[in-house]
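Shown below: data-v5.txt, with compact mmCIF, C-alpha atoms.
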# COMPACT_ATOMS: atom_id res chain seq x y z
CA MET A 27 -31.77 -26.09 -76.93
CA ARG A 28 -33.91 -26.93 -79.98
CA ARG A 29 -36.42 -28.68 -77.74
CA VAL A 30 -36.69 -25.60 -75.51
CA TRP A 31 -37.48 -23.43 -78.52
CA LEU A 32 -39.97 -25.92 -79.94
CA LEU A 33 -41.84 -26.25 -76.66
CA ALA A 34 -41.93 -22.48 -76.12
CA LEU A 35 -43.09 -21.83 -79.68
CA ARG A 36 -45.77 -24.50 -79.42
CA ASP A 37 -47.09 -22.96 -76.19
CA LEU A 38 -47.04 -19.50 -77.68
CA ARG A 39 -48.91 -20.72 -80.77
CA LEU A 40 -51.53 -22.38 -78.58
CA GLU A 41 -52.02 -19.19 -76.58
CA VAL A 42 -52.24 -16.97 -79.65
CA ARG A 43 -54.65 -19.33 -81.41
CA ASP A 44 -56.83 -19.53 -78.32
CA ARG A 45 -56.77 -15.77 -77.72
CA THR A 46 -59.58 -15.80 -75.14
CA GLY A 47 -57.08 -16.72 -72.43
CA ILE A 48 -54.78 -13.78 -72.96
CA LEU A 49 -57.62 -11.38 -73.63
CA SER A 50 -59.40 -12.29 -70.43
CA LEU A 51 -56.11 -11.90 -68.57
CA LEU A 52 -55.63 -8.45 -69.99
CA ALA A 53 -59.23 -7.50 -69.22
CA PHE A 54 -58.77 -8.73 -65.64
CA PHE A 55 -55.65 -6.64 -65.34
CA ALA A 56 -57.32 -3.51 -66.74
CA VAL A 57 -60.31 -3.87 -64.42
CA MET A 58 -57.98 -4.33 -61.49
CA LEU A 59 -56.13 -1.12 -62.33
CA PHE A 60 -59.45 0.72 -62.76
CA VAL A 61 -60.66 -0.41 -59.36
CA MET A 62 -57.37 0.49 -57.74
CA ALA A 63 -57.33 3.92 -59.37
CA LEU A 64 -60.90 4.46 -58.24
CA ALA A 65 -60.12 3.34 -54.70
CA LEU A 66 -57.02 5.48 -54.35
CA GLY A 67 -58.86 8.65 -55.22
CA PRO A 68 -58.72 11.27 -57.90
CA GLU A 69 -55.76 13.34 -56.68
CA GLU A 70 -52.63 12.97 -58.75
CA GLY A 71 -50.11 12.78 -55.91
CA PRO A 72 -51.33 9.63 -54.11
CA LEU A 73 -52.01 7.91 -57.41
CA ARG A 74 -48.48 8.48 -58.65
CA ARG A 75 -47.01 7.35 -55.35
CA ALA A 76 -49.06 4.15 -55.41
CA ALA A 77 -48.38 3.38 -59.08
CA PRO A 78 -45.21 1.23 -58.75
CA GLY A 79 -46.71 -0.92 -56.00
CA VAL A 80 -49.99 -1.42 -57.84
CA LEU A 81 -48.18 -2.22 -61.08
CA TRP A 82 -45.99 -4.92 -59.54
CA VAL A 83 -48.71 -6.53 -57.48
CA ALA A 84 -50.93 -6.64 -60.55
CA LEU A 85 -48.08 -8.20 -62.55
CA ALA A 86 -47.67 -10.81 -59.83
CA PHE A 87 -51.35 -11.77 -60.19
CA MET A 88 -50.95 -11.90 -63.94
CA SER A 89 -47.93 -14.17 -63.76
CA THR A 90 -49.79 -16.56 -61.42
CA LEU A 91 -52.74 -16.84 -63.78
CA LEU A 92 -50.41 -17.25 -66.75
CA SER A 93 -48.33 -20.00 -65.17
CA THR A 94 -51.40 -21.99 -64.11
CA ARG A 95 -52.43 -21.98 -67.75
CA ALA A 96 -49.01 -23.19 -68.87
CA PHE A 97 -49.50 -26.60 -67.28
CA ALA A 98 -53.30 -26.77 -67.12
CA LEU A 99 -53.50 -27.45 -70.85
CA GLU A 100 -50.92 -30.25 -70.62
CA VAL A 101 -52.86 -31.90 -67.83
CA GLU A 102 -56.22 -31.52 -69.60
CA GLU A 103 -54.93 -33.05 -72.80
CA GLY A 104 -52.90 -35.67 -70.95
CA THR A 105 -49.71 -34.57 -72.69
CA LEU A 106 -47.68 -33.90 -69.55
CA ASP A 107 -46.72 -37.56 -69.26
CA ASP A 108 -45.70 -37.60 -72.93
CA LEU A 109 -43.40 -34.67 -72.28
CA LEU A 110 -41.94 -36.35 -69.22
CA LEU A 111 -41.45 -39.63 -71.10
CA THR A 112 -39.17 -38.15 -73.76
CA PRO A 113 -35.66 -39.52 -73.27
CA GLY A 114 -32.90 -37.40 -71.77
CA GLY A 115 -32.96 -34.79 -68.99
CA LYS A 116 -36.12 -33.00 -67.95
CA GLU A 117 -34.68 -29.52 -67.49
CA TRP A 118 -35.64 -28.53 -71.02
CA ILE A 119 -39.34 -28.73 -70.13
CA TYR A 120 -38.77 -26.17 -67.39
CA PHE A 121 -36.74 -23.92 -69.66
CA GLY A 122 -39.25 -24.22 -72.49
CA LYS A 123 -42.14 -23.32 -70.25
CA LEU A 124 -40.14 -20.51 -68.66
CA LEU A 125 -39.28 -19.10 -72.07
CA SER A 126 -42.89 -19.09 -73.24
CA GLN A 127 -43.92 -17.50 -69.93
CA VAL A 128 -41.38 -14.71 -70.25
CA LEU A 129 -42.25 -14.14 -73.92
CA LEU A 130 -45.91 -13.75 -72.93
CA LEU A 131 -45.31 -11.79 -69.75
CA LEU A 132 -43.05 -9.18 -71.35
CA PRO A 133 -45.51 -7.76 -73.92
CA LEU A 134 -48.30 -8.02 -71.36
CA GLY A 135 -46.11 -6.19 -68.85
CA LEU A 136 -45.35 -3.53 -71.42
CA LEU A 137 -49.07 -3.00 -72.00
CA ALA A 138 -49.56 -2.93 -68.25
CA LEU A 139 -46.88 -0.28 -67.94
CA LEU A 140 -48.61 1.91 -70.54
CA LEU A 141 -51.94 1.37 -68.84
CA ALA A 142 -50.50 2.28 -65.45
CA ALA A 143 -48.85 5.34 -67.00
CA GLY A 144 -52.22 6.49 -68.25
CA LEU A 145 -54.27 5.73 -65.16
CA PHE A 146 -51.75 6.53 -62.43
CA HIS A 147 -49.76 9.36 -63.99
CA LEU A 148 -46.65 7.20 -64.04
CA PRO A 149 -43.98 9.15 -65.95
CA LEU A 150 -42.44 7.20 -68.83
CA GLU A 151 -39.54 9.50 -69.72
CA ARG A 152 -36.92 7.00 -68.60
CA GLY A 153 -38.20 4.18 -70.74
CA LEU A 154 -35.07 2.10 -71.03
CA PRO A 155 -34.36 1.70 -67.29
CA LEU A 156 -38.07 0.96 -66.77
CA LEU A 157 -37.86 -1.76 -69.41
CA LEU A 158 -34.81 -3.22 -67.72
CA THR A 159 -36.66 -3.36 -64.39
CA LEU A 160 -39.66 -4.89 -66.10
CA SER A 161 -37.63 -7.65 -67.79
CA LEU A 162 -35.67 -8.55 -64.67
CA GLY A 163 -38.80 -8.54 -62.51
CA ALA A 164 -40.86 -10.53 -65.01
CA LEU A 165 -38.08 -13.11 -65.25
CA GLY A 166 -38.01 -13.39 -61.45
CA TYR A 167 -41.77 -13.92 -61.24
CA ALA A 168 -41.85 -16.38 -64.11
CA SER A 169 -38.95 -18.50 -62.80
CA VAL A 170 -40.70 -19.40 -59.54
CA ALA A 171 -44.24 -19.37 -60.94
CA THR A 172 -43.35 -21.86 -63.68
CA PHE A 173 -41.69 -24.19 -61.22
CA TYR A 174 -44.59 -24.19 -58.77
CA ALA A 175 -47.15 -24.50 -61.55
CA GLY A 176 -45.38 -27.66 -62.72
CA LEU A 177 -45.13 -28.99 -59.19
CA LEU A 178 -48.82 -28.42 -58.48
CA ALA A 179 -50.06 -29.26 -61.99
CA ARG A 180 -51.67 -32.55 -61.03
CA LEU A 181 -53.22 -31.26 -57.82
CA ARG A 182 -56.76 -30.27 -57.06
CA GLY A 183 -57.04 -26.82 -55.50
CA ARG A 184 -53.86 -25.62 -57.20
CA GLU A 185 -55.47 -22.26 -58.02
CA ALA A 186 -55.50 -21.33 -54.34
CA LEU A 187 -52.21 -22.96 -53.34
CA LEU A 188 -50.12 -21.46 -56.14
CA PRO A 189 -50.50 -17.77 -55.19
CA LEU A 190 -50.01 -18.63 -51.54
CA LEU A 191 -46.70 -20.37 -52.14
CA LEU A 192 -45.62 -18.06 -54.91
CA PHE A 193 -46.25 -14.66 -53.35
CA SER A 194 -44.33 -15.35 -50.20
CA LEU A 195 -41.38 -16.50 -52.27
CA VAL A 196 -41.25 -13.69 -54.82
CA VAL A 197 -41.42 -10.94 -52.22
CA PRO A 198 -37.74 -10.06 -52.74
CA VAL A 199 -38.48 -9.58 -56.44
CA VAL A 200 -41.51 -7.40 -55.65
CA LEU A 201 -39.48 -5.37 -53.16
CA ALA A 202 -36.53 -4.78 -55.48
CA SER A 203 -38.68 -4.02 -58.55
CA VAL A 204 -40.93 -1.63 -56.67
CA ARG A 205 -37.98 0.19 -55.13
CA ALA A 206 -36.29 0.49 -58.53
CA THR A 207 -39.49 1.76 -60.15
CA VAL A 208 -40.09 4.25 -57.33
CA GLY A 209 -36.54 5.50 -57.78
CA LEU A 210 -37.11 5.97 -61.50
CA VAL A 211 -40.37 7.81 -60.92
CA GLU A 212 -38.78 10.10 -58.37
CA GLY A 213 -35.90 10.81 -60.72
CA LEU A 214 -33.04 9.37 -58.66
CA PRO A 215 -29.72 8.98 -60.52
CA LEU A 216 -29.30 5.58 -62.17
CA ALA A 217 -26.18 4.77 -60.18
CA GLU A 218 -28.25 4.72 -56.99
CA LEU A 219 -30.66 2.23 -58.51
CA ALA A 220 -27.97 -0.13 -59.78
CA ASP A 221 -28.06 -1.98 -56.44
CA TRP A 222 -31.69 -2.97 -56.93
CA TRP A 223 -31.02 -4.24 -60.44
CA ARG A 224 -28.04 -6.20 -59.18
CA LEU A 225 -30.23 -7.69 -56.47
CA LEU A 226 -32.88 -8.61 -59.06
CA LEU A 227 -30.26 -10.19 -61.28
CA VAL A 228 -28.90 -12.26 -58.39
CA PHE A 229 -32.44 -13.44 -57.50
CA ASP A 230 -33.15 -14.38 -61.08
CA VAL A 231 -29.94 -16.37 -61.42
CA VAL A 232 -30.37 -18.09 -58.03
CA TYR A 233 -34.05 -18.94 -58.54
CA ILE A 234 -33.65 -20.15 -62.12
CA THR A 235 -30.68 -22.33 -61.22
CA ALA A 236 -32.38 -23.78 -58.15
CA CYS A 237 -35.66 -24.39 -60.00
CA ALA A 238 -33.95 -25.96 -63.02
CA LEU A 239 -32.02 -28.31 -60.72
CA LEU A 240 -35.09 -29.24 -58.67
CA PHE A 241 -37.56 -29.54 -61.52
CA PRO A 242 -36.49 -32.96 -62.91
CA VAL A 243 -36.28 -34.46 -59.41
CA VAL A 244 -39.73 -33.24 -58.45
CA MET A 245 -41.53 -34.08 -61.70
CA GLU A 246 -40.34 -37.67 -61.99
CA GLY A 247 -42.58 -40.49 -60.80
CA MET B 25 -30.53 -36.82 -36.73
CA LEU B 26 -32.53 -39.94 -35.96
CA LYS B 27 -30.37 -43.03 -35.91
CA ALA B 28 -32.72 -45.93 -35.30
CA ALA B 29 -35.10 -46.72 -38.16
CA ASN B 30 -37.89 -48.06 -35.98
CA PRO B 31 -37.35 -46.95 -32.40
CA GLU B 32 -39.64 -48.28 -29.69
CA ARG B 33 -39.12 -45.23 -27.52
CA PRO B 34 -36.94 -42.11 -27.67
CA ASP B 35 -33.29 -42.97 -27.02
CA ALA B 36 -31.14 -41.82 -24.12
CA LEU B 37 -29.58 -38.93 -26.03
CA THR B 38 -33.00 -37.43 -26.75
CA TRP B 39 -33.97 -37.59 -23.08
CA ALA B 40 -30.59 -36.18 -22.06
CA LEU B 41 -30.88 -33.23 -24.44
CA LEU B 42 -34.44 -32.49 -23.39
CA ALA B 43 -33.64 -32.77 -19.68
CA LEU B 44 -30.51 -30.63 -19.97
CA GLY B 45 -32.35 -28.00 -21.97
CA LEU B 46 -35.30 -27.86 -19.58
CA LEU B 47 -33.08 -27.83 -16.48
CA LEU B 48 -30.89 -25.05 -17.84
CA LEU B 49 -33.84 -22.94 -18.95
CA PRO B 50 -34.44 -21.42 -15.46
CA ALA B 51 -30.70 -20.82 -15.18
CA GLY B 52 -30.78 -19.00 -18.50
CA LEU B 53 -33.70 -16.94 -17.27
CA LEU B 54 -31.80 -16.09 -14.07
CA VAL B 55 -28.72 -15.02 -16.03
CA ALA B 56 -30.88 -12.90 -18.32
CA LEU B 57 -32.69 -11.24 -15.41
CA SER B 58 -29.47 -10.48 -13.53
CA ALA B 59 -27.67 -9.07 -16.55
CA PRO B 60 -26.96 -5.34 -16.32
CA PRO B 61 -29.50 -2.92 -17.85
CA ASP B 62 -28.63 -1.28 -21.14
CA VAL B 63 -27.42 2.33 -21.35
CA ASN B 64 -30.18 3.34 -23.74
CA GLN B 65 -32.93 0.81 -23.22
CA GLY B 66 -32.66 0.06 -19.50
CA TYR B 67 -34.28 -3.16 -18.33
CA LEU B 68 -36.19 -3.48 -21.57
CA VAL B 69 -33.07 -4.95 -23.16
CA ARG B 70 -33.73 -8.22 -21.32
CA ILE B 71 -36.32 -9.20 -23.91
CA MET B 72 -33.31 -9.61 -26.17
CA TYR B 73 -32.21 -12.71 -24.25
CA LEU B 74 -35.41 -14.38 -25.37
CA HIS B 75 -35.84 -12.65 -28.72
CA VAL B 76 -32.44 -13.36 -30.23
CA PRO B 77 -32.32 -17.09 -29.29
CA THR B 78 -35.84 -17.73 -30.64
CA ALA B 79 -35.06 -15.96 -33.91
CA TRP B 80 -31.73 -17.79 -34.16
CA LEU B 81 -33.50 -21.10 -33.62
CA GLY B 82 -36.04 -20.24 -36.29
CA TYR B 83 -33.21 -19.70 -38.77
CA LEU B 84 -31.40 -22.83 -37.60
CA ALA B 85 -34.54 -24.96 -37.83
CA PHE B 86 -35.28 -23.75 -41.35
CA PHE B 87 -31.68 -24.44 -42.31
CA VAL B 88 -32.04 -28.02 -41.04
CA THR B 89 -35.26 -28.29 -43.07
CA PHE B 90 -33.36 -27.06 -46.13
CA LEU B 91 -30.56 -29.57 -45.56
CA TYR B 92 -32.83 -32.55 -45.00
CA SER B 93 -35.05 -31.56 -47.93
CA LEU B 94 -31.96 -31.71 -50.14
CA LEU B 95 -31.00 -35.04 -48.60
CA TYR B 96 -34.48 -36.39 -49.22
CA LEU B 97 -34.44 -35.43 -52.88
CA PHE B 98 -31.12 -37.21 -53.38
CA ARG B 99 -31.67 -40.29 -51.22
CA GLN B 100 -35.48 -40.62 -51.32
CA ASN B 101 -35.46 -41.81 -47.73
CA PRO B 102 -38.74 -40.93 -45.92
CA ARG B 103 -36.77 -40.49 -42.70
CA HIS B 104 -35.06 -37.39 -44.08
CA ASP B 105 -38.42 -35.95 -45.03
CA ARG B 106 -39.65 -36.52 -41.48
CA VAL B 107 -36.71 -34.61 -40.01
CA ALA B 108 -37.31 -31.77 -42.49
CA MET B 109 -40.98 -31.58 -41.55
CA VAL B 110 -40.35 -31.77 -37.81
CA SER B 111 -37.70 -29.07 -37.99
CA ALA B 112 -39.96 -26.77 -39.99
CA GLU B 113 -42.67 -27.27 -37.39
CA ILE B 114 -40.39 -26.31 -34.52
CA GLY B 115 -38.92 -23.48 -36.57
CA LEU B 116 -42.40 -22.10 -37.15
CA VAL B 117 -43.11 -22.12 -33.41
CA PHE B 118 -39.84 -20.38 -32.53
CA MET B 119 -40.19 -17.88 -35.38
CA GLY B 120 -43.66 -17.07 -34.06
CA LEU B 121 -42.18 -16.53 -30.61
CA ALA B 122 -39.49 -14.30 -32.08
CA LEU B 123 -42.15 -12.19 -33.82
CA LEU B 124 -44.15 -12.03 -30.59
CA THR B 125 -41.24 -11.02 -28.34
CA GLY B 126 -40.18 -8.54 -30.98
CA MET B 127 -43.62 -6.97 -30.91
CA LEU B 128 -43.60 -6.78 -27.11
CA TRP B 129 -40.27 -4.98 -27.32
CA ALA B 130 -41.35 -2.71 -30.17
CA ARG B 131 -44.38 -1.28 -28.36
CA PRO B 132 -42.46 0.58 -25.62
CA THR B 133 -39.45 1.32 -27.85
CA TRP B 134 -40.96 2.40 -31.16
CA GLY B 135 -44.45 3.13 -29.84
CA VAL B 136 -46.14 0.58 -32.12
CA TYR B 137 -46.46 -3.18 -32.10
CA TRP B 138 -45.84 -3.57 -35.77
CA THR B 139 -44.36 -1.52 -38.58
CA TRP B 140 -43.65 -2.46 -42.20
CA GLU B 141 -39.92 -2.32 -41.92
CA PRO B 142 -37.67 -4.67 -43.97
CA ARG B 143 -36.55 -6.99 -41.15
CA LEU B 144 -40.08 -7.34 -39.79
CA THR B 145 -41.57 -7.76 -43.22
CA THR B 146 -39.07 -10.36 -44.38
CA THR B 147 -39.47 -12.29 -41.13
CA ALA B 148 -43.25 -12.27 -41.41
CA ILE B 149 -42.90 -13.50 -44.98
CA LEU B 150 -40.54 -16.24 -43.88
CA PHE B 151 -43.23 -17.28 -41.43
CA ALA B 152 -45.78 -17.30 -44.27
CA VAL B 153 -43.49 -19.45 -46.46
CA TYR B 154 -43.46 -22.22 -43.88
CA VAL B 155 -47.17 -21.90 -43.19
CA GLY B 156 -47.50 -22.54 -46.93
CA TYR B 157 -45.17 -25.52 -46.51
CA PHE B 158 -47.64 -27.17 -44.13
CA LEU B 159 -50.69 -26.19 -46.18
CA LEU B 160 -49.03 -27.86 -49.16
CA ARG B 161 -48.32 -31.00 -47.12
CA GLY B 162 -51.96 -31.07 -46.08
CA ALA B 163 -53.20 -30.66 -49.65
CA ILE B 164 -51.37 -33.62 -51.23
CA GLU B 165 -52.60 -37.15 -50.55
CA ASP B 166 -49.99 -39.18 -52.41
CA PRO B 167 -47.20 -39.56 -49.82
CA GLU B 168 -44.34 -39.60 -52.32
CA LEU B 169 -45.52 -36.51 -54.18
CA ARG B 170 -46.17 -34.83 -50.83
CA ARG B 171 -42.61 -35.45 -49.69
CA LYS B 172 -41.13 -34.23 -52.97
CA ALA B 173 -43.25 -31.09 -53.16
CA ALA B 174 -42.54 -30.27 -49.52
CA ALA B 175 -38.82 -30.75 -50.11
CA ALA B 176 -38.96 -28.32 -53.05
CA VAL B 177 -40.67 -25.68 -50.91
CA GLY B 178 -38.25 -26.34 -48.07
CA ILE B 179 -35.32 -25.66 -50.38
CA LEU B 180 -36.70 -22.66 -52.28
CA GLY B 181 -38.15 -21.11 -49.14
CA PHE B 182 -34.80 -21.10 -47.41
CA ILE B 183 -33.50 -18.56 -49.93
CA ASN B 184 -35.44 -16.00 -47.89
CA VAL B 185 -33.51 -16.72 -44.69
CA PRO B 186 -30.24 -15.03 -45.72
CA ILE B 187 -32.31 -12.14 -47.08
CA SER B 188 -34.07 -11.77 -43.76
CA TYR B 189 -30.80 -12.01 -41.88
CA MET B 190 -29.05 -9.44 -44.08
CA SER B 191 -32.04 -7.10 -44.31
CA VAL B 192 -30.93 -5.00 -41.34
CA LYS B 193 -27.67 -4.31 -43.15
CA TRP B 194 -29.04 -3.78 -46.64
CA TRP B 195 -31.83 -1.46 -45.61
CA ARG B 196 -30.68 0.48 -42.59
CA SER B 197 -33.83 1.41 -40.75
CA LEU B 198 -35.58 1.00 -37.41
CA HIS B 199 -34.44 -2.48 -36.40
CA GLN B 200 -31.22 -2.89 -34.43
CA THR B 201 -28.26 -4.17 -36.40
CA GLN B 202 -26.88 -7.49 -35.22
CA SER B 203 -25.15 -7.49 -31.85
CA ILE B 204 -23.09 -10.42 -33.08
CA ASP B 205 -22.39 -10.00 -36.77
CA LEU B 206 -21.84 -13.44 -38.29
CA THR B 207 -20.51 -12.07 -41.56
CA THR B 208 -17.67 -10.01 -40.07
CA GLY B 209 -17.36 -11.51 -36.58
CA ARG B 210 -17.81 -8.09 -34.98
CA VAL B 211 -19.37 -8.04 -31.50
CA ILE B 212 -20.89 -4.90 -29.98
CA LEU B 213 -22.06 -6.04 -26.56
CA ALA B 214 -20.81 -5.65 -23.02
CA PRO B 215 -19.04 -8.88 -21.91
CA GLU B 216 -21.63 -9.71 -19.20
CA MET B 217 -24.46 -9.24 -21.68
CA LEU B 218 -22.68 -11.30 -24.31
CA GLN B 219 -22.17 -14.15 -21.83
CA ALA B 220 -25.84 -14.12 -20.87
CA LEU B 221 -26.88 -14.10 -24.51
CA LEU B 222 -24.54 -16.91 -25.47
CA PHE B 223 -25.71 -18.99 -22.51
CA ASN B 224 -29.34 -18.57 -23.56
CA LEU B 225 -28.43 -19.41 -27.15
CA LEU B 226 -26.83 -22.63 -25.94
CA VAL B 227 -29.83 -23.58 -23.79
CA PHE B 228 -32.27 -22.98 -26.63
CA THR B 229 -30.13 -24.94 -29.08
CA LEU B 230 -30.08 -27.89 -26.67
CA LEU B 231 -33.84 -27.65 -26.36
CA TYR B 232 -34.18 -27.54 -30.13
CA LEU B 233 -32.09 -30.68 -30.57
CA GLY B 234 -34.16 -32.46 -27.93
CA PHE B 235 -37.43 -31.31 -29.50
CA VAL B 236 -36.40 -32.38 -33.01
CA ARG B 237 -35.39 -35.85 -31.87
CA PHE B 238 -38.50 -36.31 -29.75
CA ARG B 239 -40.90 -34.99 -32.38
CA GLY B 240 -39.09 -37.05 -35.02
CA PHE B 241 -39.75 -40.14 -32.94
CA VAL B 242 -43.44 -39.27 -32.74
CA ALA B 243 -43.52 -38.65 -36.50
CA ALA B 244 -41.91 -42.04 -37.10
CA LEU B 245 -44.60 -43.70 -34.99
CA GLU B 246 -47.29 -41.86 -36.94
CA ALA B 247 -45.76 -42.94 -40.25
CA ARG B 248 -45.63 -46.55 -39.11
CA LYS B 249 -49.27 -46.40 -38.06
CA GLU B 250 -50.24 -44.89 -41.41
CA GLU B 251 -48.50 -47.71 -43.27
CA SER B 252 -50.03 -50.58 -41.32
If you took the structure in this file and wrote it as structure tokens, what would it be?
Amino acid sequence: MRRVWLLALRDLRLEVRDRTGILSLLAFFAVMLFVMALALGPEEGPLRRAAPGVLWVALAFMSTLLSTRAFALEVEEGTLDDLLLTPGGKEWIYFGKLLSQVLLLLPLGLLALLLAAGLFHLPLERGLPLLLTLSLGALGYASVATFYAGLLARLRGREALLPLLLFSLVVPVVLASVRATVGLVEGLPLAELADWWRLLLVFDVVYITACALLFPVVMEG
Amino acid sequence: MLKAANPERPDALTWALLALGLLLLPAGLLVALSAPPDVNQGYLVRIMYLHVPTAWLGYLAFFVTFLYSLLYLFRQNPRHDRVAMVSAEIGLVFMGLALLTGMLWARPTWGVYWTWEPRLTTTAILFAVYVGYFLLRGAIEDPELRRKAAAAVGILGFINVPISYMSVKWWRSLHQTQSIDLTTGRVILAPEMLQALLFNLLVFTLLYLGFVRFRGFVAALEARKEES
């Protein structure tokens, strides 16, 4: 458990010290929202209807870029083998990376949510349920993204392969998060949305368990 | 599924399965064409006798890939990886056929070839997952890493199969619900139609077994050539 924290904190410190990485990510995200808002036209109705979909697709892009960074640094500095050589199980590397990913993705997602609210007239009155959707969805993205990023870390052409493999796999997460967000925007009662959150929770648990079990087997050798 | 480590030629069982499957295929077609028309859909319902078995085989093939991917990760035997790959290949072909027959049926029934409905979408995504599986295999040169990475995708990708199967129940929309519901064992088909469907399912499963064994043999030959 201590190792997980240490690894996550180290990664976070590296990202914060570097800054350019996160800033360029955020700029990319903002430009993407601008272009989408421009493309979808000035009327309020279509923009609001498109907002949940745009938000979650943009978050998916963000999580891909973020997870590539998580292992790119290790490979560049040659520290991945050091991590893998530490005695004991290897699951903690996955959990550490996942934790740092989630800790980065959540504030970024929150900013994204505010940005989408401004540009797409996304109502924010029901903040708490929106936050719940955001956390569950971000966790779902990060769980698979981290695993694949580790798997592909030593490969050339990983930038193209990762989204391809990742997007097809996280579609259930996209679907459930978008439906939940749409429900919140349209003002459906929370009880009707509970199913989507339950579905998200099940995905998160299944994916994280499967990835944590597979990670040591795949990374060895 | 492949017993001999280094077979010279496909064994008798493989030939028997292939021959039986191919011989029964016209019979299956005949049964499907002579089955009674549906009350609502008329003769159009006969696409079902092709559509359901191909989709079922897609699921089955991906399940076999899942199983042998797991086996490979635990045993590290390249043979298991070969079966997983071969099964994914055949599954991809049958899933493609299922999508195609589904589209042919959708045009006269719904008026469009394709609509973004949960069952269709999840099936198309399932297709994309296994296209990714082969792209990944093509991208990695180190054979051991390739086998491990492919196994990981084969396992994680399979999570989408139950979702695709259940999608017609979770999101009630355009697509028919299952005629044979595996989760409750409920059957809503006329007996003659059920018999025809089951017969076609059997024929396609036989064909699948024959294909997997035959293709596995070819893959084993390829692997041996690569080594030497």
Find the residues of chain A in contact range of chain B, meaning any atom within 9 Å when counting all atoms listed in the file, and list them as a VMD selection string.
chain A and resid 170 174 177 to 178 181 to 183 187 190 to 195 197 to 198 232 to 233 236 to 237 240 to 241 243 to 245 247
With distances taken over all atoms listed in the file, which of A:Ala65, A:Ile119, A:Val228, A:Val200 is nearest to Asp107 of chain A?
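That would be A:Ile119, the residue with the smallest distance to Asp107 of chain A.
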Distance query segment 85-95 of chain A at most 6 Å, all atoms listed in the file, self and fewer than 6 positions along chain excluded, as a ChimeraX atom specification:
/A:171-172,175
Can you check which parts of segment 60-124 of chain B lie within 7 Å of segment 232-251 of chain B? Per residue, the shortest pair of atoms and distance in Å to one decimal, counting only C-alpha atoms, sorted by chain and number, as JSON lines.
{"residue": "B:Arg106", "atom": "CA", "partner": "B:Gly240", "partner_atom": "CA", "distance": 6.5}
{"residue": "B:Val107", "atom": "CA", "partner": "B:Gly240", "partner_atom": "CA", "distance": 6.0}
{"residue": "B:Val110", "atom": "CA", "partner": "B:Gly240", "partner_atom": "CA", "distance": 6.1}
{"residue": "B:Ser111", "atom": "CA", "partner": "B:Val236", "partner_atom": "CA", "distance": 6.1}
Report, in Å with one decimal, the straight-line distance from atom CA of Leu124 of chain A to atom CA of Leu165 of chain A.
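Value for the atom CA of Leu124 of chain A-atom CA of Leu165 of chain A distance: 8.4 Å.
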Atomic separation - atom CA of Ala202 of chain A relative to atom CA of Leu52 of chain A, Å
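Atom-to-atom, atom CA of Leu52 of chain A and atom CA of Ala202 of chain A are spaced 24.3 Å apart.
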As an exercise, work out the distance from atom CA of Arg74 of chain A to atom CA of Thr207 of chain A in Å and give it to one decimal place.
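So the two atoms, atom CA of Arg74 of chain A and atom CA of Thr207 of chain A, lie 11.3 Å apart.
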Residue contacts of segment 140-154 of chain A (9 Å, all atoms listed in the file) excluding same-chain residues fewer than 6 positions away, as an MDAnalysis selection string:
chainID A and resid 56 59:60 63 70:78 80:81 210:211 213
Residue nearest Gln127 of chain A - candidates A:Ala220, A:Ala168, A:Leu139, A:Val101, atoms counted: only C-alpha atoms:
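Distance minimum relative to Gln127 of chain A lands on A:Ala168.
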Find the spatial neighbours of Val227 of chain B, counting all atoms listed in the file, within a cut-off of 10 Å - ignore same-chain residues fewer than 3 positions away - and output them as a list in words.
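Contacts, with the query itself left out: Leu41, Leu44, Gly45, Leu46, Leu47, Leu48, Leu49, Pro50, Ala51, Gly52, Pro77, Leu221, Leu222, Phe223, Asn224, Leu230, Leu231 and Tyr232 of chain B.
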Ranking B:Val88, B:Met127, B:Leu53, B:Ala122 by minimum distance to Met109 of chain B and counting only C-alpha atoms, which one comes first?
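Closest candidate: B:Val88.
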Near Pro155 of chain A, counting all atoms listed in the file, which residues have an atom at most 12 Å away, once you skip same-chain residues fewer than 5 positions from it, shown as a PyMOL selection string?
chain A and resi 150+160-162+203+206-211+213-217+219-220+222-223
Smallest atom-to-atom distance to Gly115 of chain B: which of B:Ala56, B:Leu81, B:Val136, B:Leu68, using only C-alpha atoms?
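With only C-alpha atoms as the atom set, the closest residue is B:Leu81.
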Go through B:Leu95, B:Ala85, B:Ile71, B:Ile114 and flag the residue nearest Gly126 of chain B, using all atoms listed in the file for the distances.
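Once distances to Gly126 of chain B are computed over all atoms listed in the file, the minimum belongs to B:Ile71.
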Can you report as lines of an AutoDock Vina configuration file the centre and edge lengths in Å, to one decimal, of an axis-aligned box around the listed atoms of segment 113-117 of chain B padded with 4 Å on each side?
center_x = -41.0
center_y = -24.7
center_z = -35.4
size_x = 12.2
size_y = 13.2
size_z = 12.0
So which residues touch Val69 of chain B within 12 Å, counting all atoms listed in the file, skipping near sequence neighbours fewer than 3 positions away, as a ChimeraX atom specification?
/B:56-66,72-76,125-126,128-130,132-133,200,213,217,220-221
